[in-house]
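Asker: Take a look at coords-v5.cif, mmCIF, C-alpha atoms:
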```cif
data_start
#
loop_
_atom_site.group_PDB
_atom_site.id
_atom_site.type_symbol
_atom_site.label_atom_id
_atom_site.label_comp_id
_atom_site.auth_asym_id
_atom_site.auth_seq_id
_atom_site.Cartn_x
_atom_site.Cartn_y
_atom_site.Cartn_z
ATOM 1 C CA MET A 1 -15.976 -21.302 -21.644
ATOM 2 C CA ASN A 2 -15.944 -17.844 -23.135
ATOM 3 C CA LEU A 3 -12.165 -17.562 -23.508
ATOM 4 C CA ILE A 4 -12.087 -20.252 -26.170
ATOM 5 C CA GLY A 5 -13.937 -17.816 -28.423
ATOM 6 C CA MET A 6 -10.829 -15.625 -28.492
ATOM 7 C CA ILE A 7 -9.053 -18.254 -30.575
ATOM 8 C CA PRO A 8 -9.838 -17.748 -34.267
ATOM 9 C CA ALA A 9 -11.951 -20.547 -35.788
ATOM 10 C CA PHE A 10 -13.307 -21.525 -32.351
ATOM 11 C CA GLU A 11 -16.719 -20.538 -31.070
ATOM 12 C CA SER A 12 -17.660 -19.891 -27.448
ATOM 13 C CA PRO A 13 -20.084 -22.464 -26.069
ATOM 14 C CA THR A 14 -22.273 -19.588 -24.890
ATOM 15 C CA MET A 15 -22.862 -18.605 -28.526
ATOM 16 C CA SER A 16 -25.677 -21.138 -28.480
ATOM 17 C CA PRO A 17 -28.656 -19.595 -26.642
ATOM 18 C CA TRP A 18 -29.328 -22.883 -24.823
ATOM 19 C CA VAL A 19 -26.137 -22.688 -22.774
ATOM 20 C CA PRO A 20 -26.830 -19.250 -21.236
ATOM 21 C CA ALA A 21 -30.456 -20.321 -20.707
ATOM 22 C CA GLY A 22 -29.306 -23.390 -18.781
ATOM 23 C CA LEU A 23 -26.903 -21.320 -16.693
ATOM 24 C CA ALA A 24 -29.635 -18.762 -15.939
ATOM 25 C CA ILE A 25 -32.121 -21.446 -14.878
ATOM 26 C CA VAL A 26 -29.602 -23.120 -12.582
ATOM 27 C CA THR A 27 -28.742 -19.726 -11.069
ATOM 28 C CA PHE A 28 -32.453 -18.949 -10.601
ATOM 29 C CA PHE A 29 -33.058 -22.148 -8.641
ATOM 30 C CA TYR A 30 -29.834 -21.733 -6.657
ATOM 31 C CA TYR A 31 -30.460 -18.233 -5.345
ATOM 32 C CA ASN A 32 -34.077 -19.082 -4.479
ATOM 33 C CA ALA A 33 -32.957 -22.190 -2.617
ATOM 34 C CA MET A 34 -30.342 -20.175 -0.726
ATOM 35 C CA GLY A 35 -32.968 -17.528 0.102
ATOM 36 C CA PHE A 36 -35.265 -20.163 1.579
ATOM 37 C CA LYS A 37 -32.365 -21.817 3.384
ATOM 38 C CA ALA A 38 -31.269 -18.553 4.998
ATOM 39 C CA ASN A 39 -34.705 -17.085 5.790
ATOM 40 C CA GLY A 40 -37.152 -19.991 5.706
ATOM 41 C CA ILE A 41 -40.671 -19.087 4.635
ATOM 42 C CA GLY A 42 -39.850 -15.489 5.612
ATOM 43 C CA TYR A 43 -37.968 -15.291 2.288
ATOM 44 C CA LEU A 44 -41.324 -14.581 0.642
ATOM 45 C CA LYS A 45 -41.677 -11.375 2.696
ATOM 46 C CA HIS A 46 -39.240 -9.542 0.445
ATOM 47 C CA PHE A 47 -41.821 -9.757 -2.343
ATOM 48 C CA MET A 48 -44.184 -7.485 -0.393
ATOM 49 C CA GLY A 49 -42.110 -4.306 -0.579
ATOM 50 C CA PRO A 50 -41.292 -1.750 2.088
ATOM 51 C CA VAL A 51 -44.822 -0.779 3.220
ATOM 52 C CA LEU A 52 -47.817 -3.006 3.858
ATOM 53 C CA TRP A 53 -50.382 -0.976 1.913
ATOM 54 C CA LEU A 54 -48.289 -1.420 -1.289
ATOM 55 C CA ALA A 55 -47.982 -5.187 -0.809
ATOM 56 C CA PRO A 56 -50.689 -6.270 -3.333
ATOM 57 C CA LEU A 57 -49.081 -4.254 -6.121
ATOM 58 C CA MET A 58 -45.510 -5.074 -5.098
ATOM 59 C CA VAL A 59 -46.162 -8.823 -4.983
ATOM 60 C CA LEU A 60 -47.329 -8.783 -8.607
ATOM 61 C CA ILE A 61 -44.399 -6.676 -9.756
ATOM 62 C CA GLU A 62 -41.828 -8.693 -7.799
ATOM 63 C CA ILE A 63 -43.167 -12.063 -8.977
ATOM 64 C CA MET A 64 -43.104 -10.941 -12.620
ATOM 65 C CA SER A 65 -39.601 -9.488 -12.340
ATOM 66 C CA HIS A 66 -38.428 -12.572 -10.472
ATOM 67 C CA PHE A 67 -39.529 -14.968 -13.196
ATOM 68 C CA ILE A 68 -38.323 -12.745 -16.050
ATOM 69 C CA ARG A 69 -34.819 -12.615 -14.577
ATOM 70 C CA PRO A 70 -33.597 -15.884 -16.203
ATOM 71 C CA LEU A 71 -34.668 -14.561 -19.612
ATOM 72 C CA SER A 72 -32.808 -11.319 -18.955
ATOM 73 C CA LEU A 73 -29.647 -13.184 -17.905
ATOM 74 C CA THR A 74 -29.865 -15.403 -21.001
ATOM 75 C CA VAL A 75 -30.240 -12.506 -23.417
ATOM 76 C CA ARG A 76 -27.436 -10.488 -21.809
ATOM 77 C CA LEU A 77 -24.878 -13.304 -21.848
ATOM 78 C CA PHE A 78 -25.826 -14.460 -25.340
ATOM 79 C CA GLY A 79 -25.752 -10.873 -26.635
ATOM 80 C CA ASN A 80 -22.311 -10.208 -25.180
ATOM 81 C CA MET A 81 -20.869 -13.371 -26.679
ATOM 82 C CA PHE A 82 -22.532 -12.741 -30.046
ATOM 83 C CA ALA A 83 -21.146 -9.195 -30.156
ATOM 84 C CA GLY A 84 -17.665 -10.454 -29.269
ATOM 85 C CA GLU A 85 -17.749 -13.030 -32.055
ATOM 86 C CA GLN A 86 -18.941 -10.410 -34.526
ATOM 87 C CA ILE A 87 -16.097 -8.061 -33.549
ATOM 88 C CA THR A 88 -13.619 -10.898 -34.047
ATOM 89 C CA ASN A 89 -15.090 -11.616 -37.476
ATOM 90 C CA VAL A 90 -14.817 -7.939 -38.431
ATOM 91 C CA PHE A 91 -11.159 -7.881 -37.419
ATOM 92 C CA LEU A 92 -10.485 -11.064 -39.383
ATOM 93 C CA THR A 93 -12.083 -9.662 -42.540
ATOM 94 C CA MET A 94 -9.994 -6.477 -42.224
ATOM 95 C CA ASN A 95 -6.760 -8.521 -42.347
ATOM 96 C CA VAL A 96 -5.747 -7.418 -38.865
ATOM 97 C CA PRO A 97 -2.826 -9.379 -37.376
ATOM 98 C CA LEU A 98 -4.037 -12.236 -35.185
ATOM 99 C CA TRP A 99 -2.297 -10.855 -32.071
ATOM 100 C CA ALA A 100 -4.448 -7.691 -32.237
ATOM 101 C CA ILE A 101 -7.781 -9.518 -31.857
ATOM 102 C CA PRO A 102 -7.331 -10.718 -28.242
ATOM 103 C CA LEU A 103 -5.751 -7.370 -27.379
ATOM 104 C CA ALA A 104 -8.809 -5.477 -28.678
ATOM 105 C CA ARG A 105 -11.156 -7.786 -26.752
ATOM 106 C CA LEU A 106 -9.148 -7.392 -23.535
ATOM 107 C CA VAL A 107 -9.366 -3.607 -23.583
ATOM 108 C CA GLY A 108 -13.148 -3.778 -23.838
ATOM 109 C CA CYS A 109 -13.913 -3.135 -27.484
ATOM 110 C CA ALA A 110 -16.116 -6.228 -27.761
ATOM 111 C CA ASP A 111 -17.688 -6.624 -24.345
#
```
If you took the structure in this file and wrote it as structure tokens, what would it be?

Answerer:
Amino acid sequence: MNLIGMIPAFESPTMSPWVPAGLAIVTFFYYNAMGFKANGIGYLKHFMGPVLWLAPLMVLIEIMSHFIRPLSLTVRLFGNMFAGEQITNVFLTMNVPLWAIPLARLVGCAD
């Protein structure tokens, strides 16, 4: 989906924040389902941390970080795609030859 954004006048589908949000939510449910499938109810033990006396604090921290993860994934993917589109627009306004834009993005200038 993101490669289409390398073609001038096309926009990556992930430039809309709803697409990365949907991908992050699906990923969130998938890795939790796989955790429960592999470990059963014991999957919840990893929220307690390494030592038992820290468990009350660690559970709160782990639950918060666990549910914030989809937001983090959304912002990172959307930000990367937005930055890439902005770099492409800068190159287009500088009258750079069209073959140089994908080359600059491939060597890591945009992402």

Asker: Could you give me, as number ranges by chain, the residues within 7 Å of stretch 65-71 of chain A, counting all atoms listed in the file and dropping anything in the same chain fewer than 6 positions from it?

Answerer: A: 24-25, 28

Asker: If you keep C-alpha atoms, can you produce a file of those selected residues as a short mmCIF file (atom, residue, chain, number, x, y, z; two decimals), in the frame of the given file?

Answerer:
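Okay, this is what ended up in selection_13.cif:
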```
data_model
loop_
_atom_site.label_atom_id
_atom_site.label_comp_id
_atom_site.auth_asym_id
_atom_site.auth_seq_id
_atom_site.Cartn_x
_atom_site.Cartn_y
_atom_site.Cartn_z
CA ALA A 24 -29.64 -18.76 -15.94
CA ILE A 25 -32.12 -21.45 -14.88
CA PHE A 28 -32.45 -18.95 -10.60
#
```

Asker: Kindly resolve the PyMOL selection byres ((chain A and resi 18) around 12) on the present coordinates and return the residues as a PyMOL selection string.

Answerer: chain A and resi 13-17+19-25+70-71+73-75+77-78

Asker: Only C-alpha atoms, please: the residues just picked out, written as a short mmCIF file (atom, residue, chain, number, x, y, z; two decimals), in the coordinates of the input.

Answerer:
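See part_5.cif below for the written result:
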```
data_model
loop_
_atom_site.label_atom_id
_atom_site.label_comp_id
_atom_site.auth_asym_id
_atom_site.auth_seq_id
_atom_site.Cartn_x
_atom_site.Cartn_y
_atom_site.Cartn_z
CA PRO A 13 -20.08 -22.46 -26.07
CA THR A 14 -22.27 -19.59 -24.89
CA MET A 15 -22.86 -18.60 -28.53
CA SER A 16 -25.68 -21.14 -28.48
CA PRO A 17 -28.66 -19.60 -26.64
CA VAL A 19 -26.14 -22.69 -22.77
CA PRO A 20 -26.83 -19.25 -21.24
CA ALA A 21 -30.46 -20.32 -20.71
CA GLY A 22 -29.31 -23.39 -18.78
CA LEU A 23 -26.90 -21.32 -16.69
CA ALA A 24 -29.64 -18.76 -15.94
CA ILE A 25 -32.12 -21.45 -14.88
CA PRO A 70 -33.60 -15.88 -16.20
CA LEU A 71 -34.67 -14.56 -19.61
CA LEU A 73 -29.65 -13.18 -17.90
CA THR A 74 -29.86 -15.40 -21.00
CA VAL A 75 -30.24 -12.51 -23.42
CA LEU A 77 -24.88 -13.30 -21.85
CA PHE A 78 -25.83 -14.46 -25.34
#
```

Asker: When the PyMOL selection byres ((chain A and resi 43-48) around 12) is applied to the structure above, which residues does it catch, written out as a PyMOL selection string?

Answerer: chain A and resi 31-42+49-66

Asker: Let me know the centre plus edge lengths, in Å and rounded to one decimal, of a box with edges along x, y and z that contains all listed atoms of stretch 53-59 of chain A and is padded by 5 Å on every side, as lines of an AutoDock Vina configuration file.

Answerer:
```
center_x = -48.1
center_y = -4.9
center_z = -2.1
size_x = 15.2
size_y = 17.8
size_z = 18.0
```

Asker: Closest to A:Phe82 among A:Phe29, A:Ile4, A:Ser12, A:Met94, using all atoms listed in the file?

Answerer: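 For A:Phe82, the nearest of the given residues is A:Ser12.
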
Asker: Using all atoms listed in the file, pick whichever of A:Thr93, A:Glu85, A:Tyr30, A:Asn80 has the shortest atom-to-atom distance to A:Ile7.

Answerer: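 The shortest atom-to-atom distance to A:Ile7 comes from A:Glu85.
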
Asker: Could you state the separation of atom CA of A:Thr88 and atom CA of A:Pro8 in Å, given to one decimal place?

Answerer: 7.8 Å

Asker: Could you model N, CA and C atoms for stretch 46-72 of chain A and present them as an mmCIF file, in the frame of the given file?

Answerer:
```cif
data_model
loop_
_atom_site.group_PDB
_atom_site.id
_atom_site.type_symbol
_atom_site.label_atom_id
_atom_site.label_comp_id
_atom_site.auth_asym_id
_atom_site.auth_seq_id
_atom_site.Cartn_x
_atom_site.Cartn_y
_atom_site.Cartn_z
ATOM 1 N N HIS A 46 -39.899 -10.586 1.239
ATOM 2 C CA HIS A 46 -39.240 -9.542 0.445
ATOM 3 C C HIS A 46 -40.020 -9.211 -0.825
ATOM 4 N N PHE A 47 -40.977 -10.053 -1.180
ATOM 5 C CA PHE A 47 -41.821 -9.757 -2.343
ATOM 6 C C PHE A 47 -42.866 -8.678 -2.036
ATOM 7 N N MET A 48 -43.112 -8.402 -0.767
ATOM 8 C CA MET A 48 -44.184 -7.485 -0.393
ATOM 9 C C MET A 48 -43.785 -6.017 -0.422
ATOM 10 N N GLY A 49 -42.524 -5.699 -0.526
ATOM 11 C CA GLY A 49 -42.110 -4.306 -0.579
ATOM 12 C C GLY A 49 -41.932 -3.696 0.794
ATOM 13 N N PRO A 50 -41.640 -2.396 0.820
ATOM 14 C CA PRO A 50 -41.292 -1.750 2.088
ATOM 15 C C PRO A 50 -42.480 -1.399 2.979
ATOM 16 N N VAL A 51 -43.665 -1.157 2.402
ATOM 17 C CA VAL A 51 -44.822 -0.779 3.220
ATOM 18 C C VAL A 51 -45.978 -1.739 2.936
ATOM 19 N N LEU A 52 -46.765 -1.997 3.959
ATOM 20 C CA LEU A 52 -47.817 -3.006 3.858
ATOM 21 C C LEU A 52 -48.924 -2.637 2.869
ATOM 22 N N TRP A 53 -49.284 -1.344 2.793
ATOM 23 C CA TRP A 53 -50.382 -0.976 1.913
ATOM 24 C C TRP A 53 -50.017 -1.112 0.436
ATOM 25 N N LEU A 54 -48.721 -1.191 0.090
ATOM 26 C CA LEU A 54 -48.289 -1.420 -1.289
ATOM 27 C C LEU A 54 -48.113 -2.897 -1.610
ATOM 28 N N ALA A 55 -48.273 -3.758 -0.639
ATOM 29 C CA ALA A 55 -47.982 -5.187 -0.809
ATOM 30 C C ALA A 55 -48.719 -5.835 -1.981
ATOM 31 N N PRO A 56 -50.025 -5.603 -2.202
ATOM 32 C CA PRO A 56 -50.689 -6.270 -3.333
ATOM 33 C C PRO A 56 -50.055 -5.923 -4.686
ATOM 34 N N LEU A 57 -49.718 -4.667 -4.868
ATOM 35 C CA LEU A 57 -49.081 -4.254 -6.121
ATOM 36 C C LEU A 57 -47.649 -4.770 -6.204
ATOM 37 N N MET A 58 -46.912 -4.666 -5.105
ATOM 38 C CA MET A 58 -45.510 -5.074 -5.098
ATOM 39 C C MET A 58 -45.345 -6.574 -5.320
ATOM 40 N N VAL A 59 -46.258 -7.372 -4.784
ATOM 41 C CA VAL A 59 -46.162 -8.823 -4.983
ATOM 42 C C VAL A 59 -46.262 -9.149 -6.468
ATOM 43 N N LEU A 60 -47.197 -8.528 -7.167
ATOM 44 C CA LEU A 60 -47.329 -8.783 -8.607
ATOM 45 C C LEU A 60 -46.080 -8.362 -9.372
ATOM 46 N N ILE A 61 -45.591 -7.176 -9.061
ATOM 47 C CA ILE A 61 -44.399 -6.676 -9.756
ATOM 48 C C ILE A 61 -43.184 -7.541 -9.451
ATOM 49 N N GLU A 62 -42.990 -7.887 -8.195
ATOM 50 C CA GLU A 62 -41.828 -8.693 -7.799
ATOM 51 C C GLU A 62 -41.878 -10.104 -8.385
ATOM 52 N N ILE A 63 -43.045 -10.712 -8.404
ATOM 53 C CA ILE A 63 -43.167 -12.063 -8.977
ATOM 54 C C ILE A 63 -42.844 -12.029 -10.466
ATOM 55 N N MET A 64 -43.392 -11.040 -11.180
ATOM 56 C CA MET A 64 -43.104 -10.941 -12.620
ATOM 57 C C MET A 64 -41.616 -10.700 -12.863
ATOM 58 N N SER A 65 -41.022 -9.769 -12.132
ATOM 59 C CA SER A 65 -39.601 -9.488 -12.340
ATOM 60 C C SER A 65 -38.736 -10.680 -11.939
ATOM 61 N N HIS A 66 -39.171 -11.402 -10.941
ATOM 62 C CA HIS A 66 -38.428 -12.572 -10.472
ATOM 63 C C HIS A 66 -38.376 -13.665 -11.541
ATOM 64 N N PHE A 67 -39.495 -13.910 -12.197
ATOM 65 C CA PHE A 67 -39.529 -14.968 -13.196
ATOM 66 C C PHE A 67 -39.011 -14.529 -14.562
ATOM 67 N N ILE A 68 -38.896 -13.236 -14.795
ATOM 68 C CA ILE A 68 -38.323 -12.745 -16.050
ATOM 69 C C ILE A 68 -36.801 -12.691 -15.975
ATOM 70 N N ARG A 69 -36.270 -12.715 -14.777
ATOM 71 C CA ARG A 69 -34.819 -12.615 -14.577
ATOM 72 C C ARG A 69 -34.006 -13.656 -15.350
ATOM 73 N N PRO A 70 -34.387 -14.938 -15.402
ATOM 74 C CA PRO A 70 -33.597 -15.884 -16.203
ATOM 75 C C PRO A 70 -33.556 -15.514 -17.687
ATOM 76 N N LEU A 71 -34.667 -14.992 -18.216
ATOM 77 C CA LEU A 71 -34.668 -14.561 -19.612
ATOM 78 C C LEU A 71 -33.700 -13.395 -19.810
ATOM 79 N N SER A 72 -33.706 -12.467 -18.883
ATOM 80 C CA SER A 72 -32.808 -11.319 -18.955
ATOM 81 C C SER A 72 -31.343 -11.765 -18.906
#
```
